[in-house]
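Only one structure is covered here, and it is reproduced in the block below.
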There are 2 protein chains.
Amino acid sequence: MAAPERGRTGRPPRTSRAQILSAARELIDDEGWERLTMRKLAARAGVAPTTLYHHVRDREELLAALLDDYADRIPRRELPREPVERILAAATVMHDALAGWPWLVEVLTADDLIGDAALWMVEAIVDAAMEHGCPADEAVHLYRSVWYYTVGEILVRASADRKRAELDRPAYRDTVFRRLDKPELPRLSAIAGRWPALCAEDTYAYGLRALVEGLLTK
Amino acid sequence: MAAPERGRTGRPPRTSRAQILSAARELIDDEGWERLTMRKLAARAGVAPTTLYHHVRDREELLAALLDDYADRIPRRELPREPVERILAAATVMHDALAGWPWLVEVLTADDLIGDAALWMVEAIVDAAMEHGCPADEAVHLYRSVWYYTVGEILVRASADRKRAELDRPAYRDTVFRRLDKPELPRLSAIAGRWPALCAEDTYAYGLRALVEGLLTK
DNA sequence: ACCTGAACACCGTTCAAGT
DNA sequence: ACCTGAACACCGTTCAAGT
């Protein structure tokens with residue numbers, strides 16, 4: 001009741017939530033999200049660690065805020081009219097957004113955390129599937145299959161990249177494939193040398209199209 | 001040279017690596033893998049925290065050991081002869097093995113960590129794809145698409161389950177879908193009420209079949 | 001209202017010392 | 001050879017006290 005519109009009481013703020021968020025983004029880009037600690041973040045923001053708790057509830061809320069923020073920035077693309085192509089395009093927007101900041105997937109993998117701001121992509125996919133002739137349930141299931149595939153791709157690629165960056169150990173896969181000349185694994189033995197190169201290829205779009213066409217031509 | 005076959009020198013071991021691993025398994029089953037700390041593990045094993053480092057190099061090696069161990073226990077199933085069905089069956093074995101201990105995915109998501117013991121499943125899929133007529137590269141790409149889809153499904157389901165278990169917050173998704181009556185999201189608004197139920201359905205096999213058939217009928 | 005230092009209850013890991 | 005306590009360099013978070 002007595003709270004004045006403009007004149008607040010007490011000390012004026014020196015730190016804003018926005019400052020904290022952008023410091024957090026810097027820190028994550030520099031060191032990765034697992035290495036974001038409240039204490040390091042405070043240091044970068046130039047405040048005491050305890051000050052952070054005036055602006056965010058806890059570490060988890062901070063990460064969720066970063067995620068929402070990022071989702072808001074995803075530009076809304078014009079999507080093709082043809083349903084199948086529309087699904088592929090919307091899924092690709094999701095995929096590319098995640099690929100740009102793969103740690104998000106690790107924070108968010110719950111089916112849902114696709115906050116508000118990202119729902120238009122879900123809508124696009126469900127709508128296109130229904131326009132193509134799917135009943136509602138199937139459209140949702142299609143969306144979920146696409147989501148599984150997309151999350152998996154991002155995650156596998158992200159952790160492969162991370163492993164590659166930590167050059168200390170020579171990539172477990174390589175040691176596995178080196179000893180790989182077993183009669184019970186003829187196909188893998190034959191292809192062992194080319195395996196790393198084949199895995200490095202970007203086949204997201206390829207698999208996505210197959211998945212969607214497979215789902216729609218049942 | 002002088003090392004005797006049987007008579008070792010020094011104090012006899014009181015702790016074995018196997019004991020540590022099984023204590024770790026208990027701890028993970030009780031509290032989840034993120035909560036497995038070296039100190040808690042030591043307490044459960046009845047030794048000093050520092051003792052663990054005599055038996056495993058560090059926490060990461062411990063987790064890798066658990067993973068290898070688990071992979072060794074996956075029973076080798078007889079797979080169908082028909083290629084498409086063989087792919088589906090092998091993928092399902094992978095899927096079910098991971099579903100039984102979903103934290104593994106989070107440890108392992110690198111494309112590779114499918115240690116030695118699990119390679120037969122990869123072999124089965126690549127082999128079936130080639131028998132069906134795929135060239136080697138395509139067979140590998142098919143395997144990877146299946147792997148993405150599988151990893152994604154496990155991960156999304158596991159973290160949804162975890163969220164549900166932490167009942168303190170009322171599932172972000174539900175709050176999102178409650179306010180969901182926006183004209184720009186007509187499909188989602190119409191289906192909002194049924195969304196949770198639809199997401200709870202197990203559609204792994206459904207999407208897997210579509211993906212594989214989509215990939216093979218290009 | 002906003003910020004802080006001190007403190008609590010933790011971590012993983014190393015290393016010199018004990019048996 | 002095996003095990004340990006003490007110690008190091010960290011965590012996230014709370015809370016009473018300062019301005």
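Following the order of the structure tokens, chains are lettered A, B, ..., residues in each are numbered from 1, and ligands are numbered from 1.
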Select from chain A every residue with an atom at most 12 Å from any atom of chain C, then for each give the shortest pair of atoms and their distance in Å to one decimal, using only C-alpha atoms (C1' of nucleotides), rows by chain and rising number, as a tab-separated table.
```
residue	atom	partner	partner_atom	distance
A:Gly7	CA	C:DA1	C1'	11.7
A:Arg8	CA	C:DA1	C1'	8.1
A:Thr9	CA	C:DA1	C1'	6.4
A:Gly10	CA	C:DA1	C1'	4.3
A:Arg11	CA	C:DA1	C1'	5.1
A:Pro12	CA	C:DC2	C1'	6.8
A:Pro13	CA	C:DC2	C1'	6.0
A:Arg14	CA	C:DC2	C1'	7.9
A:Thr15	CA	C:DC2	C1'	9.0
A:Ser16	CA	C:DC2	C1'	10.9
A:Gly46	CA	C:DC3	C1'	11.8
A:Val47	CA	C:DC3	C1'	8.4
A:Ala48	CA	C:DT4	C1'	6.9
A:Pro49	CA	C:DT4	C1'	9.1
A:Thr50	CA	C:DT4	C1'	7.5
A:Thr51	CA	C:DC3	C1'	6.1
A:Leu52	CA	C:DC3	C1'	9.7
A:Tyr53	CA	C:DC3	C1'	10.5
A:His54	CA	C:DC2	C1'	8.2
A:His55	CA	C:DC2	C1'	10.3
```
Preceding selection exported with N, CA and C atoms as a short mmCIF file (atom, residue, chain, number, x, y, z; two decimals), in the first residue's frame:
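Heads up, here's the output in selection-v4.cif:
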```cif
data_model
loop_
_atom_site.label_atom_id
_atom_site.label_comp_id
_atom_site.auth_asym_id
_atom_site.auth_seq_id
_atom_site.Cartn_x
_atom_site.Cartn_y
_atom_site.Cartn_z
N GLY A 7 10.27 5.90 -5.94
CA GLY A 7 11.27 6.03 -4.89
C GLY A 7 11.28 4.79 -4.03
N ARG A 8 12.32 3.97 -4.15
CA ARG A 8 12.42 2.81 -3.29
C ARG A 8 13.19 3.18 -2.04
N THR A 9 13.02 2.37 -1.04
CA THR A 9 13.76 2.66 0.19
C THR A 9 15.06 1.88 0.18
N GLY A 10 15.96 2.25 1.03
CA GLY A 10 17.19 1.49 1.20
C GLY A 10 18.24 1.75 0.15
N ARG A 11 19.28 0.99 0.27
CA ARG A 11 20.47 1.12 -0.55
C ARG A 11 20.15 0.87 -2.03
N PRO A 12 20.69 1.66 -2.93
CA PRO A 12 20.44 1.39 -4.35
C PRO A 12 21.23 0.17 -4.80
N PRO A 13 20.69 -0.61 -5.71
CA PRO A 13 21.37 -1.83 -6.15
C PRO A 13 22.64 -1.51 -6.92
N ARG A 14 23.66 -2.35 -6.70
CA ARG A 14 24.90 -2.19 -7.44
C ARG A 14 25.02 -3.31 -8.48
N THR A 15 24.25 -4.34 -8.23
CA THR A 15 24.31 -5.51 -9.09
C THR A 15 22.91 -5.78 -9.62
N SER A 16 22.84 -6.12 -10.90
CA SER A 16 21.52 -6.48 -11.42
C SER A 16 21.52 -7.93 -11.84
N GLY A 46 32.25 -9.55 -9.73
CA GLY A 46 32.79 -8.56 -8.83
C GLY A 46 31.98 -8.34 -7.56
N VAL A 47 31.34 -9.39 -7.09
CA VAL A 47 30.58 -9.28 -5.84
C VAL A 47 30.92 -10.48 -4.95
N ALA A 48 30.47 -10.42 -3.74
CA ALA A 48 30.68 -11.55 -2.83
C ALA A 48 29.78 -12.70 -3.25
N PRO A 49 30.22 -13.91 -3.04
CA PRO A 49 29.42 -15.07 -3.43
C PRO A 49 28.00 -14.99 -2.87
N THR A 50 27.90 -14.54 -1.67
CA THR A 50 26.59 -14.53 -1.02
C THR A 50 25.63 -13.53 -1.66
N THR A 51 26.18 -12.54 -2.30
CA THR A 51 25.33 -11.54 -2.95
C THR A 51 24.46 -12.16 -4.04
N LEU A 52 24.99 -13.17 -4.70
CA LEU A 52 24.24 -13.79 -5.79
C LEU A 52 22.86 -14.24 -5.32
N TYR A 53 22.79 -14.65 -4.09
CA TYR A 53 21.55 -15.22 -3.59
C TYR A 53 20.47 -14.16 -3.36
N HIS A 54 20.85 -12.92 -3.55
CA HIS A 54 19.84 -11.87 -3.53
C HIS A 54 19.15 -11.74 -4.88
N HIS A 55 19.79 -12.28 -5.90
CA HIS A 55 19.27 -12.07 -7.25
C HIS A 55 18.74 -13.35 -7.88
#
```
Filtered DSSP result for range 78-216 of chain B, state alpha helix (DSSP H), as a ChimeraX atom specification: /B:83-100,103-108,119-132,136-165,172-178,186-191,195-200,204-216
Nearest to chain A among B:Tyr204, B:Trp33, B:Trp101, B:Tyr70, with distances taken over only C-alpha atoms: which residue is it?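 Comparing B:Tyr204, B:Trp33, B:Trp101, B:Tyr70 against chain A, the winner is B:Tyr204.
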Non-local contacts of Pro75 in chain B (12 Å; only C-alpha atoms (C1' of nucleotides); under 4 positions in same chain excluded) as a PDB file with N, CA and C atoms, in the first residue's frame:
```pdb
ATOM      1  N   TYR B  70      28.855 -53.634 -16.073  1.00  0.00           N
ATOM      2  CA  TYR B  70      27.444 -53.762 -16.415  1.00  0.00           C
ATOM      3  C   TYR B  70      27.290 -54.309 -17.835  1.00  0.00           C
ATOM      4  N   ALA B  71      28.083 -53.792 -18.726  1.00  0.00           N
ATOM      5  CA  ALA B  71      28.013 -54.239 -20.122  1.00  0.00           C
ATOM      6  C   ALA B  71      28.292 -55.737 -20.210  1.00  0.00           C
ATOM      7  N   LEU B  79      19.193 -63.384 -31.920  1.00  0.00           N
ATOM      8  CA  LEU B  79      18.490 -62.342 -32.674  1.00  0.00           C
ATOM      9  C   LEU B  79      17.801 -62.946 -33.894  1.00  0.00           C
ATOM     10  N   ALA B  90      18.243 -55.849 -31.814  1.00  0.00           N
ATOM     11  CA  ALA B  90      19.532 -55.456 -31.216  1.00  0.00           C
ATOM     12  C   ALA B  90      19.411 -54.088 -30.554  1.00  0.00           C
ATOM     13  N   VAL B  93      17.683 -54.434 -27.315  1.00  0.00           N
ATOM     14  CA  VAL B  93      18.549 -54.937 -26.241  1.00  0.00           C
ATOM     15  C   VAL B  93      19.354 -53.786 -25.644  1.00  0.00           C
ATOM     16  N   MET B  94      19.947 -52.989 -26.505  1.00  0.00           N
ATOM     17  CA  MET B  94      20.699 -51.818 -26.024  1.00  0.00           C
ATOM     18  C   MET B  94      19.800 -50.933 -25.172  1.00  0.00           C
ATOM     19  N   ASP B  96      17.002 -51.549 -23.643  1.00  0.00           N
ATOM     20  CA  ASP B  96      16.530 -52.086 -22.373  1.00  0.00           C
ATOM     21  C   ASP B  96      17.651 -52.152 -21.349  1.00  0.00           C
ATOM     22  N   ALA B  97      18.848 -52.449 -21.845  1.00  0.00           N
ATOM     23  CA  ALA B  97      19.984 -52.474 -20.922  1.00  0.00           C
ATOM     24  C   ALA B  97      20.189 -51.090 -20.314  1.00  0.00           C
ATOM     25  N   ALA B 117      32.502 -55.006 -24.445  1.00  0.00           N
ATOM     26  CA  ALA B 117      31.525 -56.054 -24.152  1.00  0.00           C
ATOM     27  C   ALA B 117      30.198 -55.816 -24.859  1.00  0.00           C
ATOM     28  N   ALA B 118      29.984 -54.589 -25.321  1.00  0.00           N
ATOM     29  CA  ALA B 118      28.691 -54.282 -25.917  1.00  0.00           C
ATOM     30  C   ALA B 118      28.764 -54.230 -27.437  1.00  0.00           C
ATOM     31  N   TRP B 120      28.944 -56.406 -29.651  1.00  0.00           N
ATOM     32  CA  TRP B 120      28.177 -57.366 -30.448  1.00  0.00           C
ATOM     33  C   TRP B 120      26.862 -56.776 -30.922  1.00  0.00           C
ATOM     34  N   MET B 121      26.315 -55.843 -30.132  1.00  0.00           N
ATOM     35  CA  MET B 121      25.056 -55.238 -30.559  1.00  0.00           C
ATOM     36  C   MET B 121      25.290 -54.324 -31.763  1.00  0.00           C
TER      37      MET B 121
END
```
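Across B:Ala65, B:Asp137, B:Ala89, B:Asp127, the tightest approach to Arg194 in chain A is made by B:Asp137 when counting only C-alpha atoms.
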Which of these residues is nearest to chain B, using only C-alpha atoms: A:Tyr143, A:Tyr149, A:Tyr206, A:Trp103?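 Going through A:Tyr143, A:Tyr149, A:Tyr206, A:Trp103 one by one, the smallest distance to chain B is for A:Tyr149.
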